[in-house]
file start.txt (compact mmCIF, C-alpha atoms and all ligand atoms)
# COMPACT_ATOMS: atom_id res chain seq x y z
CA VAL A 1 49.95 52.05 -151.57
CA GLU A 2 48.66 50.24 -148.48
CA ARG A 3 50.54 48.77 -145.48
CA THR A 4 50.53 45.37 -147.17
CA SER A 5 51.70 46.66 -150.58
CA THR A 6 55.05 45.72 -152.11
CA ILE A 7 56.89 48.33 -154.20
CA VAL A 8 58.93 47.04 -157.14
CA ALA A 9 61.92 49.09 -158.34
CA LEU A 10 62.75 48.22 -161.96
CA GLY A 11 65.75 50.15 -163.27
CA GLY A 12 69.17 51.50 -162.39
CA GLY A 13 70.62 52.77 -159.12
CA VAL A 14 68.64 56.01 -159.16
CA THR A 15 65.34 54.14 -159.47
CA GLY A 16 66.33 51.67 -156.75
CA ASP A 17 67.56 54.34 -154.32
CA LEU A 18 64.45 56.46 -154.80
CA ALA A 19 61.86 53.66 -154.81
CA GLY A 20 63.61 52.09 -151.81
CA PHE A 21 63.55 55.41 -149.94
CA ALA A 22 59.86 55.80 -150.77
CA ALA A 23 59.28 52.26 -149.49
CA ALA A 24 61.21 53.07 -146.30
CA THR A 25 59.11 56.12 -145.50
CA ILE A 26 55.61 55.65 -146.95
CA LEU A 27 53.31 54.55 -144.10
CA ARG A 28 56.53 54.20 -142.01
CA GLY A 29 57.79 51.50 -144.30
CA VAL A 30 56.43 48.92 -146.74
CA ARG A 31 58.06 45.92 -148.39
CA TRP A 32 59.94 46.38 -151.59
CA VAL A 33 61.69 44.33 -154.25
CA ASN A 34 64.64 45.54 -156.30
CA VAL A 35 65.03 44.47 -159.93
CA PRO A 36 68.27 46.18 -161.00
CA THR A 37 68.87 46.66 -164.74
CA THR A 38 72.31 48.33 -164.81
CA ILE A 39 75.69 46.77 -163.96
CA LEU A 40 76.12 49.33 -161.18
CA ALA A 41 72.74 48.58 -159.63
CA MET A 42 73.30 44.81 -159.87
CA VAL A 43 76.73 44.65 -158.27
CA ASP A 44 76.43 47.60 -155.91
CA SER A 45 73.40 49.78 -155.19
CA SER A 46 70.77 46.99 -155.00
CA LEU A 47 72.73 45.27 -152.22
CA GLY A 48 73.17 46.44 -148.66
CA GLY A 49 69.89 48.22 -147.96
CA LYS A 50 71.04 51.83 -148.39
CA THR A 51 68.34 53.95 -150.02
CA GLY A 52 68.10 57.68 -150.50
CA ALA A 53 68.33 60.73 -152.73
CA ASP A 54 70.93 63.35 -153.60
CA LEU A 55 70.36 66.98 -152.63
CA PRO A 56 71.95 70.08 -154.24
CA GLN A 57 74.18 70.25 -151.12
CA GLY A 58 75.65 66.80 -151.73
CA LYS A 59 75.19 63.10 -152.37
CA ASN A 60 72.96 60.86 -150.26
CA LEU A 61 72.04 63.50 -147.68
CA VAL A 62 68.62 62.00 -147.05
CA GLY A 63 68.07 58.29 -146.90
CA ALA A 64 67.37 55.21 -144.85
CA PHE A 65 68.64 51.69 -144.33
CA HIS A 66 65.75 49.63 -145.70
CA PRO A 67 66.81 46.36 -147.35
CA PRO A 68 64.59 44.97 -150.11
CA ALA A 69 62.88 41.61 -149.50
CA LEU A 70 64.39 40.34 -152.76
CA VAL A 71 66.98 41.41 -155.33
CA LEU A 72 66.51 39.89 -158.76
CA ALA A 73 69.29 40.66 -161.24
CA ASP A 74 68.86 39.35 -164.78
CA PRO A 75 72.02 40.01 -166.85
CA GLU A 76 69.92 39.75 -170.05
CA THR A 77 68.46 43.18 -169.26
CA LEU A 78 71.97 44.58 -169.85
CA ALA A 79 71.59 43.96 -173.59
CA SER A 80 69.84 47.33 -174.00
CA LEU A 81 72.09 49.29 -171.64
CA PRO A 82 73.99 52.09 -173.44
CA GLU A 83 77.75 51.40 -173.67
CA ALA A 84 78.66 54.45 -171.55
CA GLU A 85 76.42 53.21 -168.71
CA LEU A 86 77.91 49.72 -168.92
CA VAL A 87 81.42 51.14 -168.69
CA SER A 88 80.48 53.45 -165.81
CA GLY A 89 79.04 50.52 -163.85
CA MET A 90 82.18 48.47 -164.50
CA ALA A 91 84.07 51.08 -162.44
CA GLU A 92 82.30 49.70 -159.34
CA VAL A 93 83.23 46.16 -160.41
CA VAL A 94 86.86 47.28 -160.61
CA LYS A 95 86.39 48.70 -157.10
CA HIS A 96 85.14 45.34 -155.83
CA GLY A 97 88.13 43.67 -157.48
CA LEU A 98 90.45 46.12 -155.75
CA ILE A 99 88.81 45.45 -152.39
CA ALA A 100 88.85 41.67 -152.43
CA ASP A 101 89.14 39.89 -155.79
CA PRO A 102 92.23 40.41 -158.00
CA GLY A 103 90.82 38.04 -160.65
CA LEU A 104 87.70 40.18 -160.92
CA PHE A 105 89.88 43.31 -161.27
CA GLU A 106 91.43 41.64 -164.35
CA LEU A 107 88.10 40.44 -165.78
CA ALA A 108 86.45 43.86 -165.43
CA SER A 109 89.36 45.81 -166.87
CA ARG A 110 89.65 43.81 -170.12
CA PRO A 111 86.79 44.65 -172.49
CA PRO A 112 85.04 43.39 -174.56
CA TYR A 113 83.24 41.22 -172.01
CA ALA A 114 82.46 37.65 -173.05
CA ASP A 115 80.45 36.67 -169.95
CA LEU A 116 78.65 39.52 -168.17
CA GLY A 117 76.72 37.08 -165.99
CA ARG A 118 79.96 35.82 -164.45
CA ILE A 119 81.20 39.35 -163.80
CA VAL A 120 77.88 40.31 -162.18
CA ARG A 121 77.93 37.21 -159.92
CA ARG A 122 81.50 37.83 -158.76
CA GLY A 123 80.87 41.55 -158.33
CA MET A 124 77.80 40.84 -156.20
CA ALA A 125 79.68 38.22 -154.16
CA VAL A 126 82.28 40.73 -152.94
CA LYS A 127 79.63 43.18 -151.72
CA VAL A 128 77.48 40.45 -150.13
CA ARG A 129 80.46 39.14 -148.14
CA VAL A 130 81.22 42.63 -146.81
CA ILE A 131 77.66 43.64 -145.85
CA GLU A 132 76.92 40.32 -144.19
CA VAL A 133 79.76 40.98 -141.75
CA ASP A 134 78.97 44.68 -141.22
CA PRO A 135 75.46 45.71 -142.34
CA TYR A 136 75.42 49.15 -140.64
CA GLU A 137 78.93 50.33 -141.58
CA ARG A 138 80.52 50.16 -138.14
CA GLY A 139 83.75 48.72 -139.58
CA VAL A 140 84.76 46.78 -142.71
CA ARG A 141 81.81 48.01 -144.80
CA ALA A 142 83.69 51.30 -145.08
CA ALA A 143 85.96 49.47 -147.56
CA LEU A 144 83.15 49.87 -150.11
CA ASN A 145 83.73 53.65 -149.95
CA LEU A 146 87.02 53.20 -151.81
CA GLY A 147 87.26 55.95 -154.42
CA HIS A 148 84.12 57.60 -153.10
CA THR A 149 85.49 60.30 -150.78
CA VAL A 150 87.12 62.06 -153.72
CA GLY A 151 84.68 60.58 -156.24
CA HIS A 152 81.52 61.97 -154.62
CA ALA A 153 83.12 65.42 -154.40
CA VAL A 154 84.10 65.31 -158.08
CA GLU A 155 80.62 64.06 -159.02
CA LYS A 156 79.00 66.94 -157.15
CA VAL A 157 81.35 69.63 -158.54
CA SER A 158 80.61 68.33 -162.07
CA ASP A 159 76.95 69.14 -161.30
CA TYR A 160 76.26 65.42 -161.65
CA LYS A 161 77.26 65.66 -165.33
CA LEU A 162 79.88 62.98 -164.73
CA ARG A 163 78.29 59.57 -164.28
CA HIS A 164 78.69 58.06 -160.81
CA GLY A 165 81.10 55.38 -162.06
CA GLU A 166 83.15 57.92 -164.01
CA ALA A 167 83.59 60.05 -160.89
CA ILE A 168 84.49 56.95 -158.86
CA ALA A 169 87.12 55.99 -161.46
CA ILE A 170 88.74 59.42 -160.97
CA GLY A 171 88.37 59.00 -157.21
CA MET A 172 90.03 55.57 -157.14
CA VAL A 173 93.14 56.84 -158.94
CA ALA A 174 93.37 59.99 -156.77
CA GLU A 175 92.97 57.96 -153.57
CA ALA A 176 95.55 55.38 -154.74
CA ARG A 177 97.97 58.29 -155.30
CA LEU A 178 97.19 59.45 -151.78
CA ALA A 179 97.78 55.92 -150.44
CA GLU A 180 101.15 55.77 -152.19
CA HIS A 181 102.03 59.22 -150.84
CA LEU A 182 101.22 58.05 -147.30
CA GLY A 183 103.25 54.86 -147.76
CA ILE A 184 100.13 52.70 -147.44
CA ALA A 185 100.01 51.41 -151.02
CA GLU A 186 102.78 49.63 -152.86
CA SER A 187 104.46 52.00 -155.29
CA GLY A 188 103.01 51.88 -158.82
CA LEU A 189 99.51 50.92 -157.67
CA ALA A 190 97.91 54.19 -158.83
CA GLU A 191 99.44 53.65 -162.27
CA THR A 192 98.18 50.04 -162.43
CA ILE A 193 94.66 51.23 -161.59
CA ALA A 194 94.84 54.14 -164.04
CA GLU A 195 95.98 51.81 -166.85
CA ALA A 196 93.14 49.38 -166.13
CA LEU A 197 90.56 52.18 -166.14
CA SER A 198 91.87 53.78 -169.31
CA ARG A 199 91.70 50.39 -171.12
CA MET A 200 87.99 50.60 -170.25
CA ALA A 201 87.80 54.19 -171.60
CA LEU A 202 87.06 55.59 -168.12
CA PRO A 203 88.48 58.94 -166.97
CA THR A 204 91.42 58.71 -164.56
CA ALA A 205 92.23 62.34 -163.73
CA ILE A 206 90.28 65.24 -162.27
CA PRO A 207 89.29 67.37 -165.32
CA VAL A 208 91.70 70.33 -165.65
CA SER A 209 88.79 72.74 -165.83
CA MET A 210 87.52 71.59 -162.44
CA ASP A 211 88.15 73.89 -159.48
CA ARG A 212 90.34 72.07 -156.90
CA GLY A 213 89.08 74.36 -154.14
CA ALA A 214 85.49 73.43 -154.93
CA ILE A 215 86.41 69.75 -154.66
CA ALA A 216 88.04 70.30 -151.26
CA GLN A 217 84.92 72.20 -150.18
CA ALA A 218 82.63 69.40 -151.36
CA MET A 219 84.71 67.00 -149.28
CA GLN A 220 83.93 69.17 -146.22
CA MET A 221 80.38 67.86 -146.47
CA ASP A 222 81.72 64.37 -145.78
CA LYS A 223 83.62 65.87 -142.86
CA LYS A 224 80.43 67.30 -141.38
CA LYS A 225 78.81 63.89 -141.65
CA ALA A 226 81.76 62.32 -139.82
CA ALA A 227 82.00 64.98 -137.05
CA GLY A 228 85.14 66.69 -138.28
CA VAL A 229 87.39 63.96 -139.65
CA VAL A 230 87.11 62.27 -143.03
CA ARG A 231 88.34 58.73 -142.78
CA PHE A 232 89.44 57.27 -146.10
CA ALA A 233 89.32 53.69 -147.29
CA LEU A 234 92.64 53.32 -149.11
CA PRO A 235 94.06 50.55 -151.32
CA VAL A 236 97.16 48.63 -150.26
CA THR A 237 97.42 46.42 -153.33
CA VAL A 238 94.95 44.88 -155.81
CA GLY A 239 92.69 42.84 -153.49
CA GLU A 240 93.42 44.62 -150.20
CA VAL A 241 92.08 47.81 -148.62
CA VAL A 242 92.53 49.51 -145.25
CA THR A 243 89.74 51.58 -143.69
CA GLY A 244 89.60 54.41 -141.19
CA VAL A 245 92.67 56.29 -142.46
CA GLU A 246 92.64 59.90 -141.26
CA VAL A 247 94.04 62.24 -143.89
CA THR A 248 95.08 65.85 -143.32
CA ASP A 249 94.16 68.53 -145.86
CA PHE A 250 97.88 68.97 -146.41
CA ASP A 251 98.48 65.33 -147.38
CA TRP A 252 95.45 65.36 -149.62
CA LEU A 253 96.60 68.49 -151.44
CA GLU A 254 100.15 67.15 -151.79
CA ALA A 255 98.84 63.93 -153.31
CA VAL A 256 96.53 65.44 -155.94
N1 LIG B 301 72.36 52.61 -152.52
C1 LIG B 301 73.62 52.33 -152.70
O1 LIG B 301 74.23 51.60 -151.92
C2 LIG B 301 74.33 52.87 -153.91
C3 LIG B 301 75.57 52.33 -154.28
C4 LIG B 301 76.18 52.79 -155.44
C5 LIG B 301 75.56 53.77 -156.21
N2 LIG B 301 74.36 54.28 -155.82
C6 LIG B 301 73.68 55.30 -156.63
O2 LIG B 301 73.29 54.72 -157.89
C7 LIG B 301 73.18 55.77 -158.84
C8 LIG B 301 73.77 55.32 -160.17
O3 LIG B 301 73.08 54.19 -160.67
P1 LIG B 301 73.18 53.77 -162.20
O4 LIG B 301 74.58 53.84 -162.65
O5 LIG B 301 72.43 52.50 -162.33
O6 LIG B 301 72.47 54.99 -162.96
P2 LIG B 301 70.96 55.26 -163.40
O7 LIG B 301 69.99 54.66 -162.47
O8 LIG B 301 70.87 56.71 -163.64
O9 LIG B 301 70.86 54.49 -164.81
C9 LIG B 301 71.63 54.92 -165.89
C10 LIG B 301 70.78 55.16 -167.15
O10 LIG B 301 70.50 53.90 -167.77
C11 LIG B 301 69.10 53.75 -168.02
N3 LIG B 301 68.83 52.31 -167.92
C12 LIG B 301 68.78 51.56 -166.79
N4 LIG B 301 68.68 50.24 -167.10
C13 LIG B 301 68.67 50.15 -168.45
C14 LIG B 301 68.61 49.05 -169.37
N5 LIG B 301 68.60 47.78 -168.95
N6 LIG B 301 68.60 49.34 -170.70
C15 LIG B 301 68.66 50.63 -171.12
N7 LIG B 301 68.75 51.70 -170.31
C16 LIG B 301 68.75 51.46 -168.98
C17 LIG B 301 68.46 54.63 -167.00
O11 LIG B 301 67.19 55.06 -167.40
C18 LIG B 301 69.44 55.81 -166.91
O12 LIG B 301 69.21 56.73 -167.95
C19 LIG B 301 73.91 56.98 -158.25
O13 LIG B 301 72.95 57.96 -157.89
C20 LIG B 301 74.59 56.43 -157.02
O14 LIG B 301 74.71 57.37 -155.98
C21 LIG B 301 73.73 53.84 -154.70
ZN ZN B 302 79.47 53.94 -155.88
call {"tool": "encode", "arguments": {"input": "start.txt", "output": "structure tokens", "more": "lines below"}}
Ligand SMILES: NC(=O)c1ccc[n+]([C@@H]2O[C@H](COP(=O)([O-])OP(=O)(O)OC[C@H]3O[C@@H](n4cnc5c(N)ncnc54)[C@H](O)[C@@H]3O)[C@@H](O)[C@H]2O)c1
Ligand SMILES: [Zn+2]
result
Amino acid sequence: VERTSTIVALGGGVTGDLAGFAAATILRGVRWVNVPTTILAMVDSSLGGKTGADLPQGKNLVGAFHPPALVLADPETLASLPEAELVSGMAEVVKHGLIADPGLFELASRPPYADLGRIVRRGMAVKVRVIEVDPYERGVRAALNLGHTVGHAVEKVSDYKLRHGEAIAIGMVAEARLAEHLGIAESGLAETIAEALSRMALPTAIPVSMDRGAIAQAMQMDKKKAAGVVRFALPVTVGEVVTGVEVTDFDWLEAV
């Protein structure tokens, strides 16, 4: 690799995050191009310039903002994607629907999918609109963390055996419960989300075998990153999210 080289990441979110992080740091940064081949990478991880790697201590603890020069998503590559990976990626599409596109929430939660290209385009559009307004997560970009405060903790406690999208599905339902408990979400929203996700054969509850204390502890890592307070992005209704909600340990425990 030389200063003028371009790195090409061909694959899912893991490949893109890692190749992008390599591109951000090798020779203090070279150009890169992202060619995502999973639903998740197309609608989410390839966009927004976040690159990095997970450490045993938690998700995304090393990384850099280093946007690719080009993102090229060809839905035809999805033909070979295993069903479980397709479904896991659709969890992030549901998230984008919840944030800003009720029609997309419906489309993503009603398999089988007749037109994946359309779903990918609409899923990408939600994220692009958000990151154009707030590229460095000073405000509205935090909406994209919906389901992720709980989801990342669950993903870590599962030893990364749960797929990212599966953990986020669990996280979205738990956080919607929390939002209802705090009077932020309309009542019944958590159930609507859980029904949608179970139609897609995604998990909607924290596995019984999973230690609740360990999940709370994993969430402390987020707290450290945020200097003491975890601020949640919470759903209000399908298509609307509020960000920056401070949640006490007590409320969180009551809700889940
Ligand atoms: N950078 C960001 O902003 C961001 C956002 C969301 C998620 N992520 C990260 O993305 C990762 C998850 O990405 P993912 O869901 O794409 O998982 P992944 O990259 O692990 O891919 C899933 C599996 O599918 C295989 N695969 C990929 N494309 C294929 C294809 N077209 N046909 C057949 N097999 C194929 C891969 O080899 C892998 O085994 C997580 O680590 C998550 O933290 C990053
Ligand atoms: Zn995610």
call {"tool": "atom_distance", "arguments": {"input": "start.txt", "atom1": "atom CA of A:Thr25", "atom2": "atom CA of A:Gly11"}}
result
19.9 Å
call {"tool": "residues_around", "arguments": {"input": "start.txt", "residues": "stretch 174-184 of chain A", "least_positions_apart": "2", "cutoff": "7 Å", "atoms": "all atoms listed in the file", "output": "ChimeraX atom specification"}}
result
/A:147,170-172,186-187,189-190,234-236,252,255-256
call {"tool": "residues_near_ligand", "arguments": {"input": "start.txt", "ligand": "ligand ZN 302 (chain B)", "cutoff": "8 Å", "atoms": "only C-alpha atoms and all ligand atoms", "output": "PyMOL selection string"}}
result
chain A and resi 40+44-45+92+144-145+148+164-165+168
call {"tool": "write_last_selection", "arguments": {"input": "start.txt", "atoms": "C-alpha atoms", "output": "mmCIF file, in the frame of the given file"}}
result
data_model
loop_
_atom_site.group_PDB
_atom_site.id
_atom_site.type_symbol
_atom_site.label_atom_id
_atom_site.label_comp_id
_atom_site.auth_asym_id
_atom_site.auth_seq_id
_atom_site.Cartn_x
_atom_site.Cartn_y
_atom_site.Cartn_z
ATOM 1 C CA LEU A 40 76.120 49.330 -161.180
ATOM 2 C CA ASP A 44 76.430 47.600 -155.910
ATOM 3 C CA SER A 45 73.400 49.780 -155.190
ATOM 4 C CA GLU A 92 82.300 49.700 -159.340
ATOM 5 C CA LEU A 144 83.150 49.870 -150.110
ATOM 6 C CA ASN A 145 83.730 53.650 -149.950
ATOM 7 C CA HIS A 148 84.120 57.600 -153.100
ATOM 8 C CA HIS A 164 78.690 58.060 -160.810
ATOM 9 C CA GLY A 165 81.100 55.380 -162.060
ATOM 10 C CA ILE A 168 84.490 56.950 -158.860
#
call {"tool": "residues_around", "arguments": {"input": "start.txt", "residues": "A:Pro102", "least_positions_apart": "3", "cutoff": "10 Å", "atoms": "all atoms listed in the file", "output": "JSON, numbers by chain"}}
result
{"A": [94, 96, 97, 98, 99, 105, 106, 107, 237, 238, 239, 240]}
call {"tool": "atom_distance", "arguments": {"input": "start.txt", "atom1": "atom CA of A:Ile193", "atom2": "atom CA of A:Ala233"}}
result
15.5 Å
call {"tool": "residues_near_ligand", "arguments": {"input": "start.txt", "ligand": "ligand LIG 301 (chain B)", "cutoff": "8 Å", "atoms": "all atoms listed in the file", "output": "VMD selection string"}}
result
chain A and resid 11 to 17 36 to 41 44 to 54 59 to 60 77 to 82 85 88 to 89 92 163 to 165
call {"tool": "atom_distance", "arguments": {"input": "start.txt", "atom1": "atom CA of A:Tyr113", "atom2": "atom CA of A:Glu166"}}
result
18.5 Å
call {"tool": "closest_residue", "arguments": {"input": "start.txt", "among": "A:Gly63, A:Pro68, A:Gly58, A:Pro75", "to": "A:Thr6", "atoms": "all atoms listed in the file"}}
result
A:Pro68
call {"tool": "axis_aligned_box", "arguments": {"input": "start.txt", "around": "stretch 139-152 of chain A", "padding_each_side": "4 Å", "output": "lines of an AutoDock Vina configuration file"}}
result
center_x = 84.4
center_y = 54.4
center_z = -147.9
size_x = 13.7
size_y = 23.3
size_z = 24.7
call {"tool": "closest_residue", "arguments": {"input": "start.txt", "among": "A:Pro67, A:Pro56, A:Gly244, A:Pro135", "to": "A:Val157", "atoms": "all atoms listed in the file"}}
result
A:Pro56
call {"tool": "closest_residue", "arguments": {"input": "start.txt", "among": "A:Ala19, A:Ala91, A:Ile26, A:Ile119", "to": "A:Arg199", "atoms": "all atoms listed in the file"}}
result
A:Ala91
call {"tool": "closest_residue", "arguments": {"input": "start.txt", "among": "A:Gly139, A:Gly29, A:Gly117, A:Gly123", "to": "A:Ala100", "atoms": "all atoms listed in the file"}}
result
A:Gly123
